[in-house]
Amino acid sequence: GAVVSQHPSWVICKSGTSVKIECRSLDFQATTMFWYRQFPKQSLMLMATSNEGSKATYEQGVEKDKFLINHASLTLSTLTVTSAHPEDSSFYICSARDMRVGLNEQFFGPGTRLTVL
Amino acid sequence: AQSVAQPEDQVNVAEGNPLTVKCTYSVSGNPYLFWYVQYPNRGLQFLLKYITGDNLVKGSYGFEAEFNKSQTSFHLKKPSALVSDSALYFCAVTNQAGTALIFGKGTTLSVSS
């Protein structure tokens, strides 16, 4: 089956620094990837839709200058949390849509736990 | 606007008993419905989906779900619960193939031995 990886699986950083999270589709190509954020014991909230070769589409209330998304290839999307603050601490999960015809399922990465001190 | 409701924060069942985790949805057009399971500090694992066809969908680990259009529900079921089924379960919906999913708030399933 389709596999999506995320790196790193967890990261601890100081307030004010930037953190980059990678999302890779390992055995399929994904023109579209999604980034979600999950607070403890809460649901996943869509942050943005990442499209290969074009600008990401952000959900209302998500600061695009703070959460930079780049989808440079059909297998890689990155989320950079710029000037991170403690309130950015969360579990970030990406998903990738398999672009093969007839498949409309999203495959989720294992998530990245970000802790900002 | 699309939405998903999981009315129960937690469901408790004894091992060997049947379990049901409820989900109702609101979406314009035809729904694409999904169930995922999440273990602590892990990503989401796909259980099953309904796109079209038979209203009873069978998925991974013995789980199944029944699509009920008139009640706009997609309840997750399993005939005999296992302690290892204890986890957080999410129902999700979209109305267009390949678009982002809207998730319910999640239901914690606790299976006691």
# chains A, B, ... in the order shown; residues from 1 in each chain; ligands from 1
>>> select_by_dssp(residues="chain B", states="strand (DSSP E)", output="ChimeraX atom specification")
/B:3-5,10-14,19-21,24-26,32-38,44-50,56-58,64-68,73-78,87-94,102-103,107-112
>>> closest_atom_pairs(of="chain B", to="chain A", cutoff="7 Å", atoms="only C-alpha atoms", output="tab-separated table")
residue	atom	partner	partner_atom	distance
B:Arg42	CA	A:Pro110	CA	5.4
B:Gly43	CA	A:Pro110	CA	3.8
B:Leu44	CA	A:Phe108	CA	6.0
B:Ala97	CA	A:Asn104	CA	5.2
B:Gly98	CA	A:Asn104	CA	4.9
B:Ala100	CA	A:Phe34	CA	6.8
B:Phe103	CA	A:Leu44	CA	6.3
B:Gly104	CA	A:Ser43	CA	6.4
B:Lys105	CA	A:Ser43	CA	4.5
B:Gly106	CA	A:Ser43	CA	6.0
>>> select_by_dssp(residues="stretch 3-98 of chain B", states="helix (DSSP H, G or I)", output="list in words")
Ser60, Tyr61, Gly62, Val83, Ser84 and Asp85 of chain B
>>> write_last_selection(atoms="N, CA and C atoms", output="PDB file, in the first residue's frame")
ATOM      1  N   SER B  60     -10.529  -2.898   7.782  1.00  0.00           N
ATOM      2  CA  SER B  60      -9.412  -3.577   8.433  1.00  0.00           C
ATOM      3  C   SER B  60      -9.782  -3.999   9.853  1.00  0.00           C
ATOM      4  N   TYR B  61      -9.071  -5.011  10.339  1.00  0.00           N
ATOM      5  CA  TYR B  61      -9.144  -5.462  11.736  1.00  0.00           C
ATOM      6  C   TYR B  61     -10.551  -5.864  12.168  1.00  0.00           C
ATOM      7  N   GLY B  62     -11.369  -6.294  11.235  1.00  0.00           N
ATOM      8  CA  GLY B  62     -12.704  -6.763  11.575  1.00  0.00           C
ATOM      9  C   GLY B  62     -13.748  -5.674  11.728  1.00  0.00           C
ATOM     10  N   VAL B  83      -9.177  -5.788  23.417  1.00  0.00           N
ATOM     11  CA  VAL B  83      -8.511  -4.756  24.214  1.00  0.00           C
ATOM     12  C   VAL B  83      -7.612  -3.895  23.321  1.00  0.00           C
ATOM     13  N   SER B  84      -7.011  -4.524  22.334  1.00  0.00           N
ATOM     14  CA  SER B  84      -6.107  -3.811  21.425  1.00  0.00           C
ATOM     15  C   SER B  84      -6.843  -2.834  20.507  1.00  0.00           C
ATOM     16  N   ASP B  85      -8.170  -2.871  20.506  1.00  0.00           N
ATOM     17  CA  ASP B  85      -8.937  -1.890  19.723  1.00  0.00           C
ATOM     18  C   ASP B  85      -9.009  -0.542  20.435  1.00  0.00           C
TER      19      ASP B  85
END
>>> residues_around(residues="A:Lys20", least_positions_apart="4", cutoff="8 Å", atoms="only C-alpha atoms", output="PyMOL selection string")
chain A and resi 78-81
>>> write_last_selection(atoms="N, CA and C atoms", output="PDB file, in the first residue's frame")
ATOM      1  N   THR A  78       7.023  20.359   2.077  1.00  0.00           N
ATOM      2  CA  THR A  78       7.619  20.760   3.345  1.00  0.00           C
ATOM      3  C   THR A  78       6.787  21.857   3.995  1.00  0.00           C
ATOM      4  N   LEU A  79       6.731  21.786   5.312  1.00  0.00           N
ATOM      5  CA  LEU A  79       6.079  22.809   6.127  1.00  0.00           C
ATOM      6  C   LEU A  79       7.134  23.413   7.015  1.00  0.00           C
ATOM      7  N   THR A  80       7.331  24.711   6.902  1.00  0.00           N
ATOM      8  CA  THR A  80       8.293  25.414   7.742  1.00  0.00           C
ATOM      9  C   THR A  80       7.537  26.319   8.699  1.00  0.00           C
ATOM     10  N   VAL A  81       7.736  26.081   9.968  1.00  0.00           N
ATOM     11  CA  VAL A  81       7.151  26.940  10.995  1.00  0.00           C
ATOM     12  C   VAL A  81       8.186  28.011  11.299  1.00  0.00           C
TER      13      VAL A  81
END
>>> residues_around(residues="stretch 28-36 of chain B", least_positions_apart="3", cutoff="7 Å", atoms="only C-alpha atoms", output="list in words")
Leu44, Gln45, Phe46, Leu47, Leu48, Lys49, Tyr50, Ile51, Tyr89, Phe90, Cys91, Ala92, Val93, Thr94 and Asn95 of chain B
>>> write_last_selection(atoms="N, CA and C atoms", output="PDB file, in the first residue's frame")
ATOM      1  N   LEU B  44      -2.551   8.666  11.597  1.00  0.00           N
ATOM      2  CA  LEU B  44      -3.831   8.013  11.387  1.00  0.00           C
ATOM      3  C   LEU B  44      -3.685   6.769  10.531  1.00  0.00           C
ATOM      4  N   GLN B  45      -4.390   5.740  10.951  1.00  0.00           N
ATOM      5  CA  GLN B  45      -4.429   4.514  10.161  1.00  0.00           C
ATOM      6  C   GLN B  45      -5.811   4.361   9.554  1.00  0.00           C
ATOM      7  N   PHE B  46      -5.848   4.098   8.272  1.00  0.00           N
ATOM      8  CA  PHE B  46      -7.096   3.950   7.535  1.00  0.00           C
ATOM      9  C   PHE B  46      -7.789   2.657   7.951  1.00  0.00           C
ATOM     10  N   LEU B  47      -9.085   2.738   8.219  1.00  0.00           N
ATOM     11  CA  LEU B  47      -9.874   1.556   8.542  1.00  0.00           C
ATOM     12  C   LEU B  47     -10.765   1.141   7.374  1.00  0.00           C
ATOM     13  N   LEU B  48     -11.547   2.093   6.893  1.00  0.00           N
ATOM     14  CA  LEU B  48     -12.465   1.777   5.813  1.00  0.00           C
ATOM     15  C   LEU B  48     -13.030   3.059   5.216  1.00  0.00           C
ATOM     16  N   LYS B  49     -13.694   2.897   4.081  1.00  0.00           N
ATOM     17  CA  LYS B  49     -14.287   4.046   3.411  1.00  0.00           C
ATOM     18  C   LYS B  49     -15.556   3.641   2.693  1.00  0.00           C
ATOM     19  N   TYR B  50     -16.421   4.608   2.503  1.00  0.00           N
ATOM     20  CA  TYR B  50     -17.593   4.445   1.651  1.00  0.00           C
ATOM     21  C   TYR B  50     -17.524   5.505   0.563  1.00  0.00           C
ATOM     22  N   ILE B  51     -17.562   5.037  -0.662  1.00  0.00           N
ATOM     23  CA  ILE B  51     -17.595   5.958  -1.803  1.00  0.00           C
ATOM     24  C   ILE B  51     -18.923   5.789  -2.536  1.00  0.00           C
ATOM     25  N   TYR B  89     -10.737   7.162  17.564  1.00  0.00           N
ATOM     26  CA  TYR B  89     -11.326   6.898  16.255  1.00  0.00           C
ATOM     27  C   TYR B  89     -11.904   8.177  15.672  1.00  0.00           C
ATOM     28  N   PHE B  90     -11.584   8.406  14.408  1.00  0.00           N
ATOM     29  CA  PHE B  90     -12.055   9.594  13.715  1.00  0.00           C
ATOM     30  C   PHE B  90     -12.893   9.212  12.503  1.00  0.00           C
ATOM     31  N   CYS B  91     -14.008   9.891  12.380  1.00  0.00           N
ATOM     32  CA  CYS B  91     -14.828   9.816  11.185  1.00  0.00           C
ATOM     33  C   CYS B  91     -14.507  11.046  10.340  1.00  0.00           C
ATOM     34  N   ALA B  92     -14.482  10.898   9.035  1.00  0.00           N
ATOM     35  CA  ALA B  92     -14.150  12.029   8.173  1.00  0.00           C
ATOM     36  C   ALA B  92     -14.992  11.989   6.907  1.00  0.00           C
ATOM     37  N   VAL B  93     -15.198  13.154   6.316  1.00  0.00           N
ATOM     38  CA  VAL B  93     -16.047  13.245   5.133  1.00  0.00           C
ATOM     39  C   VAL B  93     -15.508  14.275   4.157  1.00  0.00           C
ATOM     40  N   THR B  94     -15.769  14.050   2.913  1.00  0.00           N
ATOM     41  CA  THR B  94     -15.585  15.057   1.883  1.00  0.00           C
ATOM     42  C   THR B  94     -16.660  14.815   0.836  1.00  0.00           C
ATOM     43  N   ASN B  95     -16.883  15.800  -0.015  1.00  0.00           N
ATOM     44  CA  ASN B  95     -17.904  15.616  -1.045  1.00  0.00           C
ATOM     45  C   ASN B  95     -17.301  15.633  -2.434  1.00  0.00           C
TER      46      ASN B  95
END
>>> closest_residue(among="B:Gln38, B:Asn17, B:Ser26, B:Ser86", to="B:Ser73", atoms="only C-alpha atoms")
B:Ser26
>>> closest_residue(among="B:Gln96, B:Lys22, B:Ser70, B:Lys78", to="B:Glu8", atoms="only C-alpha atoms")
B:Lys22
>>> atom_distance(atom1="atom CA of A:Gln38", atom2="atom CA of A:Thr75")
22.9 Å
